[in-house]
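Q: Pasting a structure below so you can have a look.
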Amino acid sequence: MTNQYSKDIWHPFSHPTAVDAQIDPIHIVSADGVYVKDDQGRELLDGTAGGLWCVNVGQSRPEMKKAITNQLDEMAFYHMFGGASHPRSTELAAKLVSMAKPENMKRVFFTSGGSDSVENALKIARQYHVLNGEPDRKKFISLKCSYHGTHFGGTSLHGGDKGGVRRNYEPLLGGCIKVEAPWLYRNPWHCDDPEQLIDSCINQLIAEIEFNASDTIAALIAEPVMGGSLIIPPESYWPRLREVCDQYGILLIADEVITGFGRSGCLFGSRGWGVAPDIMTLAKGISSGYIPLGAVMINERIEQAWETNNDARGFISSGITYSGHPVACAAGLAALDIVEKENLPKNAKIQGDYLLEKLKPFAEKFPSVGDVRGKGLMLGLELVADKKTRQPVDVAKGLALNIAAAARKHGALVRPAGQRILLAPHLIYTTSHCDQLVDALSKAFNEIDR
Ligand code: PMP
């Protein structure tokens, strides 16, 4: 076995024998700001905010450490079931409701992370319809190429093709309908025109809603900017989604696990599209990854269903031991304080625009880069075998992995994700960090993709 670190671990999203065979596994031992240090003492610029879009405020911040240790001095844990609470959960809920005031969000259901948030959002959506007198509304709609976590609900909604991550775990939740994503670069209509593409997507969505009986559909869930597939919907897609949901009485759930708290250049991704969803799922940036935390926020319409139905059907038979963990909430309060004080959504937009400008020429310079896209600090390079046909690279050939390994050699961590390279810098990046990231990536492409 080559990978000495993993002999006792099963890693998420990996094949154990492939992990065991890794020659130069990533083993990060410390981190500060936007840099990490690996086991060989190499300092690397992190272009991924901790690998998974989390550490928006940067690593090892004194304000974060202070908030966490203060809370530990005060109290490590107390639960929230049945009405119990503690100061940090109360404060963080108030903070979240005030941050999402324009969306008319009224209440917060705390969870331990993104998958938990999605799972509970689905349950809340179904229960809402029960209270609202439409108990047949049980089905869900999600987009192809989407990612909503790995619990059974989120896995059932997963939009990967050929079974994607669903296959090994079937049979999954029934009644999960997948519709086309608004992907300009690759769609079944070979359509490059944003407005035409939206028309096609919306027409298909309406056809599916009607085919499946609209009064059996509980909710449509979508990522405002699709993280794993890095699909940025054209401007009017989300407003059209909102219209269709309203027309058919379907709840709109914005999965803001990545886009929440500034990453796409706006405080919430849906706000960036001028849309107020009914439910928001949150995680990652909520505590900047310092302590696991997630949340579901519900708007007034949903709250009202509970307010006006004061009977047993409204009992929420769902909850997680660590819902609103005091230390996680303390981290959340400190992280969101930094997001606001340093106006990180604005910085994400500025640095994201700058990075995108610098990366765009990669599509001309390198034979395998078919498309470069980004919104805020969510960016990606699409790798293709043929630029004309846009045929994706054969993932088994490992081009993305090789590029990421080369970038690492040149001092930066980027994320290889199947047929693309993803970039998700911390929201505190400066232009000189962006330059350093582009430089390492450019050297990597020059070496591997010529
Ligand atoms: N929804 C979205 C949009 C995500 O990107 C993720 C995680 N990347 C999840 C849900 C699941 O979150 P977690 O991994 O914290 O369970």
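In the structure tokens, the first chain shown is A, the next is B, and so on; residue numbers restart at 1 for each chain, and ligands run from 1 in the order shown.
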May I have a table of the residues of chain A lying at most 6 Å from ligand 1, giving each one's closest pair of atoms and their distance in Å to one decimal, counting only C-alpha atoms and all ligand atoms, ordered by chain and ascending residue number, as CSV?
A:
residue,atom,partner,partner_atom_place_in_ligand_line,distance
A:Gly113,CA,ligand 1,15 (O),4.1
A:Gly114,CA,ligand 1,12 (O),3.1
A:Ser115,CA,ligand 1,16 (O),3.5
A:Tyr147,CA,ligand 1,3 (C),5.4
A:His148,CA,ligand 1,1 (N),3.7
A:Gly149,CA,ligand 1,11 (C),3.5
A:Glu223,CA,ligand 1,3 (C),5.6
A:Gly227,CA,ligand 1,5 (O),5.7
A:Asp255,CA,ligand 1,3 (C),5.3
A:Val257,CA,ligand 1,2 (C),4.8
A:Ile258,CA,ligand 1,5 (O),5.2
Q: Go ahead and save the picked residues with N, CA, C and O atoms, as a compact mmCIF listing (two decimals), in the first residue's frame.
A:
# COMPACT_ATOMS: atom_id res chain seq x y z
N GLY A 113 -25.52 19.98 8.50
CA GLY A 113 -24.81 20.15 7.23
C GLY A 113 -25.78 20.18 6.06
O GLY A 113 -27.01 20.18 6.25
N GLY A 114 -25.23 20.20 4.86
CA GLY A 114 -26.04 20.40 3.66
C GLY A 114 -27.02 19.27 3.37
O GLY A 114 -28.18 19.50 3.04
N SER A 115 -26.55 18.02 3.48
CA SER A 115 -27.44 16.88 3.19
C SER A 115 -28.61 16.86 4.17
O SER A 115 -29.75 16.60 3.80
N TYR A 147 -26.74 18.61 -7.69
CA TYR A 147 -26.20 17.89 -6.52
C TYR A 147 -26.92 18.42 -5.29
O TYR A 147 -26.94 19.63 -5.05
N HIS A 148 -27.49 17.51 -4.52
CA HIS A 148 -28.20 17.94 -3.32
C HIS A 148 -27.82 17.08 -2.12
O HIS A 148 -28.66 16.80 -1.26
N GLY A 149 -26.56 16.65 -2.07
CA GLY A 149 -26.11 15.89 -0.92
C GLY A 149 -26.33 14.40 -1.09
O GLY A 149 -26.83 13.94 -2.12
N GLU A 223 -30.17 24.49 -7.41
CA GLU A 223 -29.06 25.33 -6.94
C GLU A 223 -29.05 26.60 -7.78
O GLU A 223 -29.06 26.51 -9.01
N GLY A 227 -23.19 23.89 -8.44
CA GLY A 227 -21.81 23.81 -8.00
C GLY A 227 -20.97 22.78 -8.72
O GLY A 227 -20.03 23.12 -9.44
N ASP A 255 -31.47 25.54 -3.12
CA ASP A 255 -30.40 24.86 -2.40
C ASP A 255 -29.18 25.78 -2.41
O ASP A 255 -28.43 25.83 -3.38
N VAL A 257 -26.63 25.76 -0.38
CA VAL A 257 -25.55 25.21 0.44
C VAL A 257 -24.20 25.79 0.01
O VAL A 257 -23.36 26.13 0.85
N ILE A 258 -23.99 25.94 -1.29
CA ILE A 258 -22.74 26.57 -1.76
C ILE A 258 -22.92 28.08 -1.93
O ILE A 258 -22.07 28.87 -1.55
Q: Counting only C-alpha atoms, which residues of segment 100-188 of chain A fall within 10 Å of segment 197-201 of chain A, and what is the closest atom pair for each with its distance in Å at one decimal, ordered by chain and rising number, as CSV?
A:
residue,atom,partner,partner_atom,distance
A:Val179,CA,A:Cys201,CA,7.7
A:Glu180,CA,A:Cys201,CA,6.1
A:Ala181,CA,A:Cys201,CA,7.1
A:Pro182,CA,A:Ile198,CA,6.4
A:Trp183,CA,A:Leu197,CA,8.1
A:Leu184,CA,A:Leu197,CA,7.2
A:Asn187,CA,A:Leu197,CA,8.4
A:Pro188,CA,A:Ser200,CA,9.7
Q: Using only C-alpha atoms, please write the residues we just selected to a file, as a short mmCIF file (atom, residue, chain, number, x, y, z; two decimals), in the first residue's frame.
A:
data_model
loop_
_atom_site.label_atom_id
_atom_site.label_comp_id
_atom_site.auth_asym_id
_atom_site.auth_seq_id
_atom_site.Cartn_x
_atom_site.Cartn_y
_atom_site.Cartn_z
CA VAL A 179 -35.70 18.05 -15.88
CA GLU A 180 -33.07 19.61 -18.15
CA ALA A 181 -30.65 22.09 -16.59
CA PRO A 182 -30.25 25.53 -18.22
CA TRP A 183 -26.77 24.70 -19.52
CA LEU A 184 -25.76 26.85 -22.46
CA ASN A 187 -28.00 20.85 -23.83
CA PRO A 188 -30.15 18.42 -25.82
#
Q: What lies within 7 Å of segment 231-245 of chain A using only C-alpha atoms, ignoring chain neighbours under 2 positions off, as a ChimeraX atom specification?
A: /A:182-183,194,198,225-226,229,247-252,273,275
Q: In Å, how far is it from atom CA of Lys284 of chain A to atom CA of Asp116 of chain A?
A: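 Straight-line distance from atom CA of Lys284 of chain A to atom CA of Asp116 of chain A works out to 12.0 Å.
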Q: Excluding same-chain residues fewer than 3 positions from Phe366 of chain A, what lies within 9 Å of it counting only C-alpha atoms, as a list in words?
A: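 Final neighbour list, sorted by chain and number: Pro361, Phe362, Ala363, Val369, Gly370, Phe445, Asn446, Asp449 and Arg450 of chain A.
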Q: Would you export the selected residues with all heavy atoms as a PDB file, in the first residue's frame, please?
A:
ATOM      1  N   PRO A 361      -8.955  33.260 -21.567  1.00  0.00           N
ATOM      2  CA  PRO A 361      -8.042  32.904 -22.665  1.00  0.00           C
ATOM      3  C   PRO A 361      -7.587  31.441 -22.668  1.00  0.00           C
ATOM      4  O   PRO A 361      -7.085  30.960 -23.684  1.00  0.00           O
ATOM      5  CB  PRO A 361      -6.831  33.843 -22.438  1.00  0.00           C
ATOM      6  CG  PRO A 361      -7.351  34.962 -21.607  1.00  0.00           C
ATOM      7  CD  PRO A 361      -8.435  34.377 -20.762  1.00  0.00           C
ATOM      8  N   PHE A 362      -7.787  30.720 -21.546  1.00  0.00           N
ATOM      9  CA  PHE A 362      -7.402  29.305 -21.515  1.00  0.00           C
ATOM     10  C   PHE A 362      -8.140  28.517 -22.612  1.00  0.00           C
ATOM     11  O   PHE A 362      -7.627  27.533 -23.132  1.00  0.00           O
ATOM     12  CB  PHE A 362      -7.717  28.664 -20.147  1.00  0.00           C
ATOM     13  CG  PHE A 362      -6.704  28.954 -19.065  1.00  0.00           C
ATOM     14  CD1 PHE A 362      -6.168  30.219 -18.895  1.00  0.00           C
ATOM     15  CD2 PHE A 362      -6.290  27.950 -18.201  1.00  0.00           C
ATOM     16  CE1 PHE A 362      -5.243  30.496 -17.884  1.00  0.00           C
ATOM     17  CE2 PHE A 362      -5.365  28.191 -17.190  1.00  0.00           C
ATOM     18  CZ  PHE A 362      -4.850  29.475 -17.035  1.00  0.00           C
ATOM     19  N   ALA A 363      -9.343  28.965 -22.940  1.00  0.00           N
ATOM     20  CA  ALA A 363     -10.138  28.245 -23.942  1.00  0.00           C
ATOM     21  C   ALA A 363      -9.502  28.348 -25.334  1.00  0.00           C
ATOM     22  O   ALA A 363      -9.705  27.482 -26.182  1.00  0.00           O
ATOM     23  CB  ALA A 363     -11.563  28.786 -23.962  1.00  0.00           C
ATOM     24  N   VAL A 369      -9.466  22.725 -23.230  1.00  0.00           N
ATOM     25  CA  VAL A 369     -10.391  23.606 -22.502  1.00  0.00           C
ATOM     26  C   VAL A 369     -11.499  24.071 -23.455  1.00  0.00           C
ATOM     27  O   VAL A 369     -11.290  24.904 -24.326  1.00  0.00           O
ATOM     28  CB  VAL A 369      -9.659  24.819 -21.879  1.00  0.00           C
ATOM     29  CG1 VAL A 369     -10.648  25.712 -21.133  1.00  0.00           C
ATOM     30  CG2 VAL A 369      -8.556  24.348 -20.952  1.00  0.00           C
ATOM     31  N   GLY A 370     -12.684  23.490 -23.275  1.00  0.00           N
ATOM     32  CA  GLY A 370     -13.801  23.802 -24.165  1.00  0.00           C
ATOM     33  C   GLY A 370     -14.570  25.030 -23.719  1.00  0.00           C
ATOM     34  O   GLY A 370     -15.126  25.749 -24.529  1.00  0.00           O
ATOM     35  N   PHE A 445      -1.433  23.615 -17.085  1.00  0.00           N
ATOM     36  CA  PHE A 445      -1.988  23.334 -18.417  1.00  0.00           C
ATOM     37  C   PHE A 445      -0.882  23.271 -19.451  1.00  0.00           C
ATOM     38  O   PHE A 445      -0.886  22.407 -20.345  1.00  0.00           O
ATOM     39  CB  PHE A 445      -3.050  24.377 -18.803  1.00  0.00           C
ATOM     40  CG  PHE A 445      -4.444  23.992 -18.379  1.00  0.00           C
ATOM     41  CD1 PHE A 445      -4.982  24.493 -17.205  1.00  0.00           C
ATOM     42  CD2 PHE A 445      -5.208  23.117 -19.133  1.00  0.00           C
ATOM     43  CE1 PHE A 445      -6.270  24.138 -16.801  1.00  0.00           C
ATOM     44  CE2 PHE A 445      -6.498  22.749 -18.744  1.00  0.00           C
ATOM     45  CZ  PHE A 445      -7.029  23.271 -17.563  1.00  0.00           C
ATOM     46  N   ASN A 446       0.084  24.187 -19.357  1.00  0.00           N
ATOM     47  CA  ASN A 446       1.204  24.180 -20.310  1.00  0.00           C
ATOM     48  C   ASN A 446       1.959  22.859 -20.278  1.00  0.00           C
ATOM     49  O   ASN A 446       2.419  22.376 -21.308  1.00  0.00           O
ATOM     50  CB  ASN A 446       2.179  25.320 -19.983  1.00  0.00           C
ATOM     51  CG  ASN A 446       1.883  26.546 -20.817  1.00  0.00           C
ATOM     52  OD1 ASN A 446       1.691  26.435 -22.027  1.00  0.00           O
ATOM     53  ND2 ASN A 446       1.823  27.698 -20.165  1.00  0.00           N
ATOM     54  N   ASP A 449      -1.452  19.846 -20.964  1.00  0.00           N
ATOM     55  CA  ASP A 449      -2.439  19.939 -22.041  1.00  0.00           C
ATOM     56  C   ASP A 449      -1.860  20.731 -23.214  1.00  0.00           C
ATOM     57  O   ASP A 449      -2.202  21.876 -23.420  1.00  0.00           O
ATOM     58  CB  ASP A 449      -3.719  20.616 -21.488  1.00  0.00           C
ATOM     59  CG  ASP A 449      -4.857  20.610 -22.491  1.00  0.00           C
ATOM     60  OD1 ASP A 449      -4.961  19.639 -23.268  1.00  0.00           O
ATOM     61  OD2 ASP A 449      -5.642  21.571 -22.495  1.00  0.00           O
ATOM     62  N   ARG A 450      -0.982  20.095 -23.985  1.00  0.00           N
ATOM     63  CA  ARG A 450      -0.359  20.833 -25.094  1.00  0.00           C
ATOM     64  C   ARG A 450      -0.544  20.088 -26.401  1.00  0.00           C
ATOM     65  O   ARG A 450      -0.923  18.972 -26.433  1.00  0.00           O
ATOM     66  CB  ARG A 450       1.130  21.078 -24.873  1.00  0.00           C
ATOM     67  CG  ARG A 450       1.736  20.415 -23.677  1.00  0.00           C
ATOM     68  CD  ARG A 450       3.156  20.736 -23.358  1.00  0.00           C
ATOM     69  NE  ARG A 450       3.490  22.140 -23.318  1.00  0.00           N
ATOM     70  CZ  ARG A 450       4.256  22.797 -24.206  1.00  0.00           C
ATOM     71  NH1 ARG A 450       4.744  22.221 -25.178  1.00  0.00           N
ATOM     72  NH2 ARG A 450       4.546  24.042 -24.111  1.00  0.00           N
TER      73      ARG A 450
END
Q: Would you mind writing down, as a CSV table (one decimal) with C-alpha atoms, in the first residue's frame, each residue of segment 78-315 of chain A that DSSP on the backbone assigns to alpha helix (DSSP H)?
A:
chain,number,residue,atom,x,y,z
A,87,PRO,CA,-28.2,31.9,23.6
A,88,ARG,CA,-26.2,31.2,20.5
A,89,SER,CA,-29.0,29.3,18.6
A,90,THR,CA,-31.4,32.1,19.4
A,91,GLU,CA,-28.9,34.8,18.3
A,92,LEU,CA,-27.9,33.0,15.1
A,93,ALA,CA,-31.6,32.3,14.1
A,94,ALA,CA,-32.3,36.0,14.6
A,95,LYS,CA,-29.3,36.9,12.5
A,96,LEU,CA,-30.3,34.6,9.7
A,97,VAL,CA,-33.8,35.8,9.6
A,98,SER,CA,-32.6,39.4,9.4
A,99,MET,CA,-30.1,38.6,6.7
A,114,GLY,CA,-26.0,20.4,3.7
A,115,SER,CA,-27.4,16.9,3.2
A,116,ASP,CA,-29.3,17.2,6.4
A,117,SER,CA,-30.7,20.6,5.3
A,118,VAL,CA,-32.0,19.1,2.0
A,119,GLU,CA,-33.5,16.1,3.7
A,120,ASN,CA,-35.4,18.3,6.2
A,121,ALA,CA,-36.5,20.8,3.5
A,122,LEU,CA,-38.1,17.9,1.6
A,123,LYS,CA,-39.9,16.8,4.7
A,124,ILE,CA,-41.1,20.3,5.5
A,125,ALA,CA,-42.3,20.7,1.9
A,126,ARG,CA,-44.5,17.6,2.1
A,127,GLN,CA,-45.8,18.5,5.6
A,128,TYR,CA,-46.6,22.0,4.4
A,129,HIS,CA,-48.9,20.5,1.7
A,130,VAL,CA,-50.6,18.2,4.3
A,131,LEU,CA,-51.3,21.3,6.5
A,152,PHE,CA,-31.4,9.2,0.6
A,153,GLY,CA,-33.5,12.2,-0.3
A,154,GLY,CA,-30.6,14.1,-1.8
A,155,THR,CA,-29.3,11.0,-3.6
A,156,SER,CA,-32.8,10.5,-5.1
A,157,LEU,CA,-32.7,14.1,-6.5
A,194,PRO,CA,-29.9,32.0,-23.7
A,195,GLU,CA,-33.6,33.0,-24.1
A,196,GLN,CA,-34.4,30.2,-26.5
A,197,LEU,CA,-32.7,27.8,-24.1
A,198,ILE,CA,-34.8,29.0,-21.2
A,199,ASP,CA,-37.9,28.7,-23.3
A,200,SER,CA,-37.0,25.1,-24.1
A,201,CYS,CA,-36.2,24.3,-20.4
A,202,ILE,CA,-39.4,25.9,-19.1
A,203,ASN,CA,-41.6,24.2,-21.7
A,204,GLN,CA,-40.1,20.8,-20.8
A,205,LEU,CA,-40.6,21.6,-17.1
A,206,ILE,CA,-44.2,22.5,-17.7
A,207,ALA,CA,-44.8,19.3,-19.8
A,208,GLU,CA,-43.3,17.2,-17.0
A,209,ILE,CA,-45.4,18.9,-14.4
A,210,GLU,CA,-48.6,18.3,-16.3
A,211,PHE,CA,-47.7,14.8,-17.3
A,237,TYR,CA,-34.2,31.4,-15.7
A,238,TRP,CA,-34.9,31.7,-12.0
A,239,PRO,CA,-37.7,34.3,-12.3
A,240,ARG,CA,-39.3,31.9,-14.8
A,241,LEU,CA,-38.9,29.0,-12.4
A,242,ARG,CA,-40.6,31.1,-9.7
A,243,GLU,CA,-43.5,31.9,-12.1
A,244,VAL,CA,-44.0,28.2,-13.0
A,245,CYS,CA,-43.9,27.1,-9.4
A,246,ASP,CA,-46.5,29.8,-8.4
A,247,GLN,CA,-48.7,28.8,-11.4
A,248,TYR,CA,-48.9,25.2,-10.2
A,269,GLY,CA,-27.6,33.0,-5.0
A,270,SER,CA,-31.3,33.4,-5.5
A,271,ARG,CA,-31.1,37.0,-4.5
A,272,GLY,CA,-28.7,37.4,-7.4
A,300,GLU,CA,-43.9,33.4,5.7
A,301,ARG,CA,-46.1,31.3,3.5
A,302,ILE,CA,-44.8,28.1,5.1
A,303,GLU,CA,-44.8,29.5,8.6
A,304,GLN,CA,-48.5,30.5,8.0
A,305,ALA,CA,-49.5,26.9,7.3
A,306,TRP,CA,-48.3,26.0,10.8
A,307,GLU,CA,-49.7,29.1,12.4
